[in-house]
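File shown here: my_file_36.cif, holding mmCIF, C-alpha atoms.
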data_run
loop_
_atom_site.label_atom_id
_atom_site.label_comp_id
_atom_site.auth_asym_id
_atom_site.auth_seq_id
_atom_site.Cartn_x
_atom_site.Cartn_y
_atom_site.Cartn_z
CA MET A 1 -2.99 25.45 1.69
CA THR A 2 -4.20 22.34 3.48
CA MET A 3 -3.27 19.06 1.95
CA GLU A 4 -5.78 16.28 1.72
CA HIS A 5 -4.59 13.00 3.24
CA LYS A 6 -1.52 14.66 4.72
CA GLU A 7 -1.76 12.52 7.84
CA TYR A 8 -2.01 9.39 5.71
CA TYR A 9 1.19 10.34 3.93
CA LEU A 10 2.90 11.12 7.24
CA THR A 11 1.88 7.81 8.82
CA LEU A 12 3.78 6.01 6.10
CA ALA A 13 6.68 8.47 5.76
CA ASP A 14 7.29 8.64 9.53
CA THR A 15 7.23 4.85 9.83
CA LEU A 16 9.86 4.54 7.11
CA LEU A 17 12.03 7.36 8.42
CA ILE A 18 12.12 6.07 11.99
CA LEU A 19 12.82 2.49 10.93
CA GLY A 20 15.58 3.77 8.63
CA GLN A 21 17.05 5.75 11.51
CA ARG A 22 16.85 2.74 13.84
CA LEU A 23 18.54 0.41 11.36
CA SER A 24 21.31 2.96 10.77
CA GLU A 25 22.32 2.37 14.38
CA TRP A 26 23.68 -1.00 13.22
CA CYS A 27 26.14 0.71 10.90
CA GLY A 28 29.56 -0.16 12.27
CA HIS A 29 28.06 -2.58 14.82
CA GLY A 30 26.69 -5.43 12.67
CA PRO A 31 27.52 -9.01 13.67
CA ALA A 32 29.41 -9.41 10.37
CA ILE A 33 30.48 -6.92 7.76
CA GLU A 34 27.97 -8.28 5.24
CA GLU A 35 25.14 -7.67 7.71
CA ASP A 36 26.45 -4.25 8.54
CA ILE A 37 26.26 -3.41 4.84
CA ALA A 38 22.90 -5.14 4.39
CA LEU A 39 21.12 -3.22 7.13
CA SER A 40 22.69 0.07 6.06
CA ASN A 41 21.38 -0.59 2.53
CA VAL A 42 17.91 -1.39 3.83
CA ALA A 43 18.00 1.75 5.99
CA LEU A 44 18.91 3.81 2.93
CA ASP A 45 15.97 2.41 0.99
CA TYR A 46 13.56 3.37 3.77
CA ILE A 47 15.03 6.84 4.20
CA GLY A 48 14.92 7.37 0.44
CA GLN A 49 11.29 6.28 0.34
CA ALA A 50 10.42 8.56 3.27
CA THR A 51 12.19 11.45 1.55
CA SER A 52 10.11 11.13 -1.61
CA LEU A 53 6.89 11.10 0.45
CA PHE A 54 7.95 14.15 2.48
CA LYS A 55 8.89 15.97 -0.76
CA GLU A 56 5.45 15.27 -2.17
CA VAL A 57 3.80 16.57 1.03
CA ALA A 58 5.95 19.72 0.89
CA GLN A 59 4.99 20.32 -2.71
CA ARG A 60 1.28 19.77 -2.13
CA GLU A 61 1.24 21.94 0.98
CA GLY A 62 2.88 24.70 -1.04
CA MET A 63 4.26 26.48 2.00
CA GLY A 64 7.85 26.49 0.85
CA LYS A 65 8.88 23.63 3.17
CA THR A 66 11.38 20.93 2.27
CA GLU A 67 11.53 17.28 3.27
CA ASP A 68 13.93 18.24 6.08
CA ASP A 69 11.29 20.39 7.79
CA TYR A 70 9.13 17.32 8.36
CA ALA A 71 12.00 15.10 9.51
CA PHE A 72 13.86 17.52 11.73
CA LEU A 73 11.38 20.07 13.01
CA ARG A 74 8.46 18.05 14.32
CA ASP A 75 8.19 16.76 17.87
CA ALA A 76 7.30 13.23 18.97
CA TRP A 77 3.54 13.86 19.31
CA GLU A 78 3.45 15.06 15.68
CA TYR A 79 4.97 11.80 14.44
CA ARG A 80 2.53 9.19 13.15
CA ASN A 81 4.81 6.14 12.86
CA LEU A 82 3.95 2.62 13.96
CA LEU A 83 5.27 1.77 17.44
CA ILE A 84 7.13 -1.28 16.14
CA VAL A 85 9.72 0.87 14.35
CA GLU A 86 10.66 2.93 17.38
CA ILE A 87 11.41 0.14 19.85
CA PRO A 88 15.15 -0.37 20.42
CA ASN A 89 17.04 -2.73 18.11
CA GLY A 90 17.95 -5.20 20.86
CA ASP A 91 20.13 -8.07 19.66
CA TYR A 92 20.33 -9.15 16.05
CA ALA A 93 17.45 -11.61 16.48
CA LYS A 94 15.15 -8.83 17.66
CA THR A 95 16.12 -6.56 14.78
CA ILE A 96 15.59 -9.38 12.30
CA VAL A 97 12.21 -10.45 13.69
CA ARG A 98 11.05 -6.84 13.39
CA GLN A 99 12.46 -6.66 9.84
CA PHE A 100 10.78 -9.88 8.83
CA VAL A 101 7.30 -9.08 10.12
CA PHE A 102 7.54 -5.48 8.96
CA SER A 103 8.70 -6.26 5.44
CA THR A 104 6.11 -9.02 5.00
CA TRP A 105 3.41 -6.51 5.93
CA TYR A 106 5.01 -3.72 3.91
CA TYR A 107 5.33 -5.82 0.77
CA HIS A 108 1.62 -6.63 0.79
CA PHE A 109 0.72 -3.08 1.75
CA LEU A 110 2.62 -1.80 -1.30
CA GLU A 111 1.05 -4.41 -3.53
CA ALA A 112 -2.35 -3.02 -2.51
CA LEU A 113 -1.14 0.59 -2.74
CA GLU A 114 -0.33 0.03 -6.42
CA GLN A 115 -4.12 0.22 -6.89
CA SER A 116 -4.40 3.61 -5.17
CA ASN A 117 -6.14 6.30 -7.18
CA ASP A 118 -3.50 8.77 -5.99
CA ALA A 119 -1.05 8.72 -8.92
CA PHE A 120 1.93 9.62 -6.77
CA LEU A 121 1.29 6.81 -4.26
CA GLN A 122 0.78 4.40 -7.13
CA GLY A 123 4.20 5.26 -8.57
CA PHE A 124 5.73 5.21 -5.10
CA ALA A 125 4.39 1.70 -4.50
CA GLN A 126 5.61 0.38 -7.86
CA LYS A 127 9.05 1.72 -7.12
CA SER A 128 9.33 0.68 -3.47
CA ILE A 129 8.01 -2.85 -3.80
CA LYS A 130 11.06 -3.83 -5.85
CA GLU A 131 13.31 -2.83 -2.97
CA VAL A 132 11.16 -4.40 -0.28
CA LYS A 133 11.27 -7.75 -2.04
CA TYR A 134 14.96 -7.90 -1.16
CA HIS A 135 14.35 -6.81 2.45
CA PHE A 136 11.82 -9.59 2.83
CA GLN A 137 14.14 -12.21 1.43
CA HIS A 138 17.06 -11.08 3.59
CA SER A 139 15.11 -11.18 6.86
CA ARG A 140 13.33 -14.43 5.99
CA ASP A 141 16.66 -16.16 5.36
CA TRP A 142 17.92 -15.02 8.75
CA ILE A 143 14.80 -16.21 10.59
CA LEU A 144 15.35 -19.68 9.13
CA ARG A 145 19.07 -19.59 9.81
CA MET A 146 18.64 -18.58 13.46
CA GLY A 147 15.73 -20.95 13.99
CA GLY A 148 17.67 -23.90 12.64
CA GLY A 149 21.05 -22.83 14.01
CA THR A 150 22.33 -23.50 17.51
CA ALA A 151 20.31 -23.87 20.70
CA GLU A 152 21.43 -20.35 21.59
CA SER A 153 20.34 -18.79 18.28
CA HIS A 154 16.99 -20.56 18.52
CA ARG A 155 16.48 -19.39 22.10
CA ARG A 156 17.26 -15.81 21.11
CA LEU A 157 14.93 -15.95 18.12
CA GLN A 158 12.07 -17.17 20.32
CA GLN A 159 12.85 -14.48 22.91
CA ALA A 160 12.87 -11.81 20.16
CA LEU A 161 9.52 -13.01 18.90
CA ASN A 162 8.10 -12.85 22.46
CA ASP A 163 9.36 -9.26 22.76
CA ILE A 164 8.25 -8.01 19.34
CA TRP A 165 4.88 -9.64 18.83
CA GLU A 166 2.83 -7.16 20.86
CA TYR A 167 3.87 -4.43 18.43
CA THR A 168 2.70 -6.22 15.29
CA GLY A 169 -1.06 -5.76 15.76
CA GLU A 170 -0.89 -2.05 14.95
CA MET A 171 -0.01 -2.81 11.33
CA PHE A 172 -3.51 -4.19 10.84
CA THR A 173 -5.47 -1.45 12.58
CA THR A 174 -7.00 1.56 10.83
CA SER A 175 -6.67 5.07 12.21
CA ALA A 176 -9.14 7.86 11.41
CA ALA A 177 -6.74 9.23 8.80
CA GLU A 178 -6.44 5.81 7.22
CA LEU A 179 -10.22 5.30 7.18
CA LYS A 180 -10.59 8.60 5.32
CA ALA A 181 -7.91 7.60 2.81
CA ILE A 182 -9.48 4.17 2.29
CA ALA A 183 -12.90 5.72 1.68
CA ALA A 184 -11.36 8.02 -0.94
CA GLY A 185 -9.66 5.11 -2.72
CA VAL A 186 -6.28 6.56 -1.81
CA GLY A 187 -5.24 4.30 1.04
CA VAL A 188 -4.88 0.62 1.77
CA ASP A 189 -7.26 -1.28 4.04
CA ASN A 190 -4.80 -3.11 6.29
CA THR A 191 -7.51 -5.41 7.64
CA LYS A 192 -7.77 -6.90 4.14
CA ILE A 193 -4.13 -7.91 3.91
CA GLN A 194 -3.90 -9.25 7.46
CA ASP A 195 -4.69 -12.88 6.61
CA THR A 196 -2.19 -13.10 3.78
CA VAL A 197 0.57 -11.48 5.81
CA LEU A 198 0.00 -13.65 8.87
CA ARG A 199 -0.16 -16.80 6.76
CA ILE A 200 3.32 -16.12 5.36
CA VAL A 201 4.72 -15.09 8.73
CA ASP A 202 3.28 -18.17 10.47
CA ALA A 203 4.65 -20.53 7.82
CA VAL A 204 8.18 -19.16 8.20
CA PHE A 205 7.99 -19.22 12.01
CA GLU A 206 6.79 -22.80 11.84
CA GLU A 207 9.76 -23.72 9.66
CA ALA A 208 12.06 -21.97 12.13
CA ALA A 209 10.34 -23.85 14.99
CA VAL A 210 9.37 -20.78 17.01
CA GLN A 211 5.92 -19.95 18.36
CA VAL A 212 3.80 -16.86 18.55
CA ASN A 213 1.73 -16.44 21.71
CA PRO A 214 -1.83 -16.04 20.36
CA GLU A 215 -2.95 -14.43 23.66
CA THR A 216 -0.64 -11.43 23.19
CA TRP A 217 -2.23 -8.09 24.00
CA MET A 218 -1.49 -5.70 21.14
CA GLN A 219 -0.02 -2.24 21.62
CA LYS A 220 -1.28 0.67 19.56
CA GLY A 221 -1.28 4.47 19.47
CA GLY A 222 1.64 5.41 17.22
CA LYS A 223 -0.62 6.34 14.33
CA GLU A 224 -2.44 8.77 16.65
CA GLY A 225 0.79 10.33 17.89
CA LYS A 226 0.87 8.41 21.19
CA HIS A 227 4.39 7.04 21.38
CA SER A 228 6.69 5.19 23.72
CA GLU A 229 9.49 7.10 25.41
CA HIS A 230 11.91 5.63 22.86
CA LEU A 231 10.81 7.95 20.06
CA GLY A 232 11.94 11.00 22.02
CA PHE A 233 15.47 9.61 22.25
CA ILE A 234 15.57 8.83 18.53
CA LEU A 235 14.45 12.35 17.67
CA ALA A 236 16.90 13.89 20.13
CA GLU A 237 19.74 12.27 18.25
CA MET A 238 18.35 12.64 14.74
CA GLN A 239 17.26 16.26 15.12
CA PHE A 240 20.10 17.58 17.25
CA LEU A 241 21.91 19.48 14.53
CA GLN A 242 18.87 21.33 13.18
CA ARG A 243 17.67 22.13 16.68
CA ALA A 244 21.04 23.41 17.88
CA TYR A 245 21.97 25.22 14.67
CA PRO A 246 18.65 26.12 13.00
CA GLY A 247 18.78 26.36 9.22
CA SER A 248 22.30 24.96 8.88
CA LYS A 249 22.92 23.32 5.52
CA TRP A 250 24.99 20.35 4.38
CA MET B 1 15.82 24.68 -33.56
CA VAL B 2 14.66 23.08 -30.32
CA GLY B 3 14.90 19.63 -31.94
CA ALA B 4 18.51 20.13 -33.00
CA HIS B 5 19.32 21.38 -29.53
CA ALA B 6 17.69 18.33 -27.98
CA ASP B 7 19.90 15.97 -30.02
CA LEU B 8 22.95 17.85 -28.88
CA ILE B 9 21.89 17.80 -25.22
CA TRP B 10 21.33 14.04 -25.41
CA GLU B 11 24.90 13.75 -26.69
CA TYR B 12 26.17 15.93 -23.87
CA LEU B 13 24.35 13.84 -21.30
CA ARG B 14 26.41 10.84 -22.44
CA MET B 15 29.38 12.58 -20.86
CA VAL B 16 27.80 12.30 -17.40
CA GLU B 17 29.08 9.17 -15.69
CA ASP B 18 27.35 7.20 -13.02
CA PRO B 19 29.45 8.20 -9.98
CA GLU B 20 29.45 4.69 -8.51
CA ILE B 21 29.81 2.74 -11.77
CA PRO B 22 31.90 5.10 -13.92
CA VAL B 23 32.09 2.66 -16.85
CA LEU B 24 28.46 3.54 -17.58
CA ASN B 25 26.96 6.91 -18.32
CA VAL B 26 23.55 8.06 -17.15
CA ILE B 27 21.96 7.29 -20.52
CA GLU B 28 23.27 3.71 -20.56
CA MET B 29 22.05 3.27 -17.00
CA GLY B 30 18.57 4.34 -18.07
CA ILE B 31 18.51 7.05 -15.41
CA VAL B 32 17.69 9.88 -17.83
CA ARG B 33 14.16 9.25 -19.05
CA GLU B 34 13.20 12.35 -21.00
CA LEU B 35 14.28 15.75 -22.16
CA VAL B 36 11.46 18.27 -22.33
CA TRP B 37 11.50 21.86 -23.56
CA GLU B 38 9.10 24.15 -21.72
CA GLU B 39 8.32 26.96 -24.14
CA GLU B 40 6.57 29.17 -21.57
CA LYS B 41 9.51 29.39 -19.19
CA LYS B 42 12.12 28.81 -21.92
CA MET B 43 13.54 25.98 -19.92
CA TRP B 44 14.91 22.46 -20.44
CA HIS B 45 13.69 19.74 -18.08
CA VAL B 46 15.94 16.72 -17.75
CA ILE B 47 13.72 14.01 -16.29
CA ILE B 48 15.59 11.42 -14.24
CA THR B 49 14.47 8.43 -12.21
CA PRO B 50 16.33 6.86 -9.27
CA THR B 51 17.65 3.31 -9.51
CA TYR B 52 16.93 2.82 -5.79
CA SER B 53 14.89 5.23 -3.64
CA GLY B 54 17.75 5.80 -1.26
CA CYS B 55 20.57 5.80 -3.81
CA PRO B 56 23.03 8.40 -2.50
CA ALA B 57 24.38 8.90 -6.03
CA MET B 58 21.18 10.61 -7.21
CA LYS B 59 22.10 13.99 -5.77
CA ALA B 60 25.56 13.76 -7.34
CA ILE B 61 24.06 12.75 -10.68
CA GLU B 62 21.70 15.71 -10.61
CA GLU B 63 24.56 18.09 -9.89
CA ASP B 64 26.80 16.49 -12.52
CA ILE B 65 24.10 16.91 -15.16
CA LEU B 66 23.65 20.58 -14.33
CA GLU B 67 27.38 21.18 -14.21
CA THR B 68 28.15 19.35 -17.47
CA LEU B 69 25.41 21.17 -19.38
CA ALA B 70 26.40 24.53 -17.92
CA GLU B 71 30.01 24.01 -19.01
CA LEU B 72 28.75 23.30 -22.52
CA GLN B 73 26.76 26.52 -22.50
CA VAL B 74 23.34 24.92 -22.21
CA LYS B 75 21.43 27.33 -20.03
CA ASN B 76 18.09 27.25 -18.22
CA VAL B 77 18.14 23.61 -17.22
CA VAL B 78 16.32 21.97 -14.35
CA VAL B 79 16.48 18.34 -13.31
CA ASP B 80 13.18 16.75 -12.28
CA THR B 81 12.98 13.39 -10.49
CA VAL B 82 10.08 11.04 -11.19
CA LEU B 83 9.34 7.63 -9.63
CA SER B 84 6.97 6.33 -12.26
CA PRO B 85 7.42 4.24 -14.29
CA PRO B 86 9.87 2.67 -11.85
CA TRP B 87 13.42 2.13 -13.03
CA THR B 88 14.22 -1.42 -14.02
CA THR B 89 17.44 -3.21 -14.92
CA ASP B 90 15.63 -4.26 -18.12
CA TRP B 91 16.30 -0.75 -19.45
CA MET B 92 20.01 -1.44 -19.48
CA THR B 93 21.30 -2.01 -23.00
CA ASP B 94 23.25 -5.14 -24.01
CA GLU B 95 26.24 -2.90 -24.54
CA ALA B 96 25.94 -1.61 -20.97
CA ARG B 97 25.71 -5.17 -19.65
CA GLU B 98 28.88 -6.10 -21.52
CA LYS B 99 30.69 -3.09 -20.06
CA LEU B 100 29.61 -4.14 -16.57
CA ARG B 101 30.90 -7.67 -17.12
CA ALA B 102 34.20 -6.35 -18.44
CA THR B 103 34.69 -4.28 -15.30
CA GLY B 104 34.06 -7.28 -13.03
CA ILE B 105 30.40 -6.77 -12.17
CA ALA B 106 28.03 -9.59 -13.10
CA PRO B 107 25.22 -7.87 -15.03
CA PRO B 108 21.54 -8.28 -14.11
CA GLU B 109 19.56 -10.97 -15.89
CA LYS B 110 16.68 -9.83 -18.04
CA GLY B 111 13.10 -10.16 -16.85
CA SER B 112 13.19 -8.40 -13.53
CA ALA B 113 9.59 -8.73 -12.47
CA ASP B 114 10.23 -12.05 -10.90
CA LYS B 115 8.16 -13.24 -7.99
CA GLY B 116 10.25 -16.38 -7.57
CA LEU B 117 12.69 -14.29 -5.60
CA LEU B 118 10.07 -13.70 -2.95
CA MET B 119 9.78 -17.42 -2.41
CA GLY B 120 13.52 -17.79 -2.01
CA ARG B 121 14.26 -19.31 -5.42
CA ILE B 122 17.97 -19.39 -6.14
CA LYS B 123 19.10 -17.87 -9.39
CA GLU B 124 22.12 -18.57 -11.51
CA VAL B 125 24.75 -15.84 -11.69
CA ALA B 126 27.88 -16.39 -13.79
CA CYS B 127 31.28 -15.24 -12.55
CA PRO B 128 32.31 -12.16 -14.59
CA ARG B 129 35.95 -13.32 -14.58
CA CYS B 130 35.96 -17.05 -15.35
CA HIS B 131 32.29 -17.38 -16.43
CA SER B 132 31.76 -20.33 -14.08
CA ILE B 133 28.21 -20.75 -12.82
CA HIS B 134 29.41 -22.34 -9.59
CA THR B 135 28.89 -19.17 -7.66
CA ILE B 136 27.41 -18.49 -4.25
CA MET B 137 25.67 -15.45 -2.91
CA VAL B 138 27.55 -14.10 0.09
CA SER B 139 25.10 -11.31 0.79
CA GLN B 140 21.99 -9.93 -0.87
CA PHE B 141 23.38 -6.45 -0.23
CA GLY B 142 26.69 -5.28 -1.63
CA THR B 143 28.91 -2.26 -2.06
CA THR B 144 26.06 -0.10 -3.33
CA ALA B 145 22.27 -0.30 -3.06
CA CYS B 146 22.04 -1.84 -6.53
CA LYS B 147 24.51 -4.69 -6.03
CA ALA B 148 24.73 -8.04 -4.23
CA LEU B 149 27.92 -9.75 -3.09
CA TYR B 150 28.88 -13.07 -4.71
CA LYS B 151 31.81 -15.42 -4.69
CA CYS B 152 32.99 -17.74 -7.45
CA GLY B 153 33.37 -21.40 -6.44
CA ASP B 154 35.92 -22.07 -9.19
CA CYS B 155 38.25 -19.09 -9.42
CA LEU B 156 37.39 -18.16 -5.79
CA GLU B 157 37.20 -14.46 -6.61
CA PRO B 158 34.56 -12.37 -4.86
CA PHE B 159 32.49 -10.19 -7.20
CA ASP B 160 29.55 -7.81 -7.33
CA HIS B 161 26.30 -8.75 -9.02
CA PHE B 162 24.06 -5.98 -10.29
CA LYS B 163 20.69 -6.94 -8.79
CA CYS B 164 17.59 -7.27 -10.91
CA ILE B 165 14.84 -4.89 -10.07
#

As C-alpha cells:
Amino acid sequence: MTMEHKEYYLTLADTLLILGQRLSEWCGHGPAIEEDIALSNVALDYIGQATSLFKEVAQREGMGKTEDDYAFLRDAWEYRNLLIVEIPNGDYAKTIVRQFVFSTWYYHFLEALEQSNDAFLQGFAQKSIKEVKYHFQHSRDWILRMGGGTAESHRRLQQALNDIWEYTGEMFTTSAAELKAIAAGVGVDNTKIQDTVLRIVDAVFEEAAVQVNPETWMQKGGKEGKHSEHLGFILAEMQFLQRAYPGSKW
Amino acid sequence: MVGAHADLIWEYLRMVEDPEIPVLNVIEMGIVRELVWEEEKKMWHVIITPTYSGCPAMKAIEEDILETLAELQVKNVVVDTVLSPPWTTDWMTDEAREKLRATGIAPPEKGSADKGLLMGRIKEVACPRCHSIHTIMVSQFGTTACKALYKCGDCLEPFDHFKCI
C-alpha cells in the first residue's frame, strides 16, 4: 500500500529524530548539570514526536513495519531532514543558536499545522506545540544571556551565528513533497511563516547585540535527500546495533 | 454486564501508579482518557494519552495497565495511545494537586494555554514546603520531562515544579 504524503511525514519525522539524536550527544557533557538535563529533555521531546510520526506512517503503509524500521534501517539518501539538524553541535553557543532558530521556526510551523486537514497532523501539532514553547523559551534565554555576558560569550555567540546562518534558509523553502502537501491542505507553507519567524529571531539577536550577515548564501538539499557527510556519521552511530545484530530487541 | 465491568475496570486502573510520580495514579494524572468495549472483537480498549511526547514512562504505564488488569482476571485488553485532544495539566484534579504539594512538588497552575510564557513572562510558583513565593527558577527542565527545577529564596530548599502544559 502506498501512503499519500509519506515523504511529507518523513521530512518532519527525520528532522526531529536527527536533532534529537544530535542533542543527546550533550548528555553527560553539558556545561552545567541543569543544561545537561535540559537538552536531554528537549531531545526526548523530539524523539517522542518523531516516534509518533513514524508509527503513523507504519500504520498507514500497512506493511507490518514499526517506527524502528524507519529510524534504523534507512540510509542517508533516504533521510529527508533539514541540513541544520545534522551539522555538529560545536560549542554550547552553536548548539543554542541552532536551538533558538529551529524552535522559533518549529513553533510557528506547528501553529500553522494545527489547521491541517490531516486529523493526525492536527493532533500532533496541538500536542507538540506545548513542548516546543518551552524549547523556545530555554534557547531564547540563553541567547540573551550569552549576548549580554562576557566579551568571550558574546564573541562565541556571534561566531556561532556566523556558522549556523547558512543552514537556516532551508526552513523556508518548499520541496516537491511539501508543495503537494500544501496543495492538499495537509502541509504548511513555510514561505508564509518566514516573516513572522525572522521578525522574532531578529529582535532577539538585536537585544543580544549580534548580527546576521544578510549576504549569506543559503544551503539546501536535505529535504531532497542530499546531505552533508555528517549525517552518515550520525547514522553509523545511531543504527549500529540494528545493522550489526538485525532484529535484536530491547 | 459490560457497564458493570467498565466500572470495575475503572476502579482497577486506580491501582496503576505513575512510575515517576507514584503518589498519583494514572486516573488522577489524566493519562487514561477512555475505556471502550469493542463488541466485534470482544475486547477492551484502554485509551491513554502521553503527558509529553517523549515521556519514557509511557511504555511502563502501558505495561503496568496490562499487567494489573491481567492479574485481576480482566482479559482481552489492549492499550491504545492517542495524541488528541492533547494532555493538559488542567485535567489534574484538585486532590491530585494537593497530593503533589504534599510530596514536595509544586503543582501546576490552572489555565495552561498561556502565551505569556512565549514572551518570557515570569510566573509565580509557591514553595511546596514553606509556601513562600520568593522562589527562583533554576532550570526550565527538571528531573522528568514534565517538571522544572526551582529553588526557594526563603527556606532555600530546591524543589520540582510540575510545568503547565

- range 11-27 of chain A surroundings by all atoms listed in the file, 7 Å radius, close-in-sequence under 3 positions cut, as a VMD selection string: chain A and resid 7 to 8 30 36 39 to 40 43 to 44 46 to 47 50 53 to 54 79 to 82 85 to 86 89 223

- Message: I want to know what sits within 8 Å of His227 in chain A, based on all atoms listed in the file, with residues of the same chain fewer than 4 positions away left out; could you give that as a ChimeraX atom specification?
- Response: /A:76-77,83,221-222,231

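Here CA of Trp44 in chain B is placed at a distance of 4.7 Å from CA of Val77 in chain B.
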
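Reported to one decimal place, the separation of CA of Arg60 in chain A from CA of Asn117 in chain A is 16.2 Å.
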
- Up to 7 Å from chain A, what residues of chain B turn up? Count all atoms listed in the file and give them as number ranges by chain. B: 52-54, 83-86, 118, 120, 139-142, 145, 165

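If all atoms listed in the file are the atoms counted, then among B:Asp160, B:Glu63, B:Thr93, B:Ala6 the closest residue to Ala148 in chain B is B:Asp160.
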
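Put simply, CA of Glu38 in chain B is 29.4 Å away from CA of Thr89 in chain B.
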
- Message: as a list in words, please: the residues near Cys130 in chain B (cut-off 12 Å, only C-alpha atoms, same-chain neighbours under 4 positions excluded).
- Response: Arg101, Ala102, Gly104, Ala106, Val125, Ala126, His134, Thr135, Lys151, Cys152, Gly153, Asp154, Cys155, Leu156, Glu157, Pro158 and Phe159 of chain B

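The smallest atom-to-atom distance between Trp105 in chain A and any of A:Gln159, A:Thr216, A:Gln242, A:Thr168, using only C-alpha atoms, is found for A:Thr168.
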
- Message: Residues near Glu207 in chain A, anyone? I mean within 9 Å using only C-alpha atoms, not counting same-chain ones fewer than 5 positions away, as an MDAnalysis selection string.
- Response: chainID A and resid 144 147:148 202

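Of the listed residues B:Arg33, B:His131, B:Lys75, B:Lys147, the one whose atoms come nearest to Pro108 in chain B is B:Lys147, with distances taken using only C-alpha atoms.
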
Atoms are missing here; could range 122-138 of chain A be completed with N, CA and C atoms and written as a tab-separated table (two decimals), in the coordinates of the input?
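Saved to rebuild_0.tsv:
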chain	number	residue	atom	x	y	z
A	122	GLN	N	0.70	5.54	-6.22
A	122	GLN	CA	0.78	4.40	-7.13
A	122	GLN	C	2.22	4.21	-7.64
A	123	GLY	N	2.82	5.30	-8.09
A	123	GLY	CA	4.20	5.26	-8.57
A	123	GLY	C	5.17	4.91	-7.45
A	124	PHE	N	4.91	5.48	-6.28
A	124	PHE	CA	5.73	5.21	-5.10
A	124	PHE	C	5.72	3.72	-4.77
A	125	ALA	N	4.53	3.13	-4.83
A	125	ALA	CA	4.39	1.70	-4.50
A	125	ALA	C	5.10	0.83	-5.52
A	126	GLN	N	4.96	1.18	-6.80
A	126	GLN	CA	5.61	0.38	-7.86
A	126	GLN	C	7.12	0.41	-7.71
A	127	LYS	N	7.62	1.57	-7.29
A	127	LYS	CA	9.05	1.72	-7.12
A	127	LYS	C	9.53	0.94	-5.88
A	128	SER	N	8.86	1.20	-4.76
A	128	SER	CA	9.33	0.68	-3.47
A	128	SER	C	9.24	-0.83	-3.34
A	129	ILE	N	8.23	-1.42	-3.98
A	129	ILE	CA	8.01	-2.85	-3.80
A	129	ILE	C	9.20	-3.66	-4.30
A	130	LYS	N	9.88	-3.13	-5.31
A	130	LYS	CA	11.06	-3.83	-5.85
A	130	LYS	C	12.16	-3.91	-4.79
A	131	GLU	N	12.28	-2.86	-4.01
A	131	GLU	CA	13.31	-2.83	-2.97
A	131	GLU	C	12.92	-3.72	-1.80
A	132	VAL	N	11.64	-3.67	-1.46
A	132	VAL	CA	11.16	-4.40	-0.28
A	132	VAL	C	11.23	-5.92	-0.48
A	133	LYS	N	11.14	-6.34	-1.72
A	133	LYS	CA	11.27	-7.75	-2.04
A	133	LYS	C	12.61	-8.29	-1.50
A	134	TYR	N	13.64	-7.50	-1.65
A	134	TYR	CA	14.96	-7.90	-1.16
A	134	TYR	C	15.03	-7.86	0.37
A	135	HIS	N	14.36	-6.89	0.98
A	135	HIS	CA	14.35	-6.81	2.45
A	135	HIS	C	13.67	-8.05	3.03
A	136	PHE	N	12.57	-8.42	2.37
A	136	PHE	CA	11.82	-9.59	2.83
A	136	PHE	C	12.71	-10.83	2.76
A	137	GLN	N	13.34	-11.00	1.63
A	137	GLN	CA	14.14	-12.21	1.43
A	137	GLN	C	15.29	-12.28	2.44
A	138	HIS	N	15.93	-11.15	2.66
A	138	HIS	CA	17.06	-11.08	3.59
A	138	HIS	C	16.64	-11.48	5.01
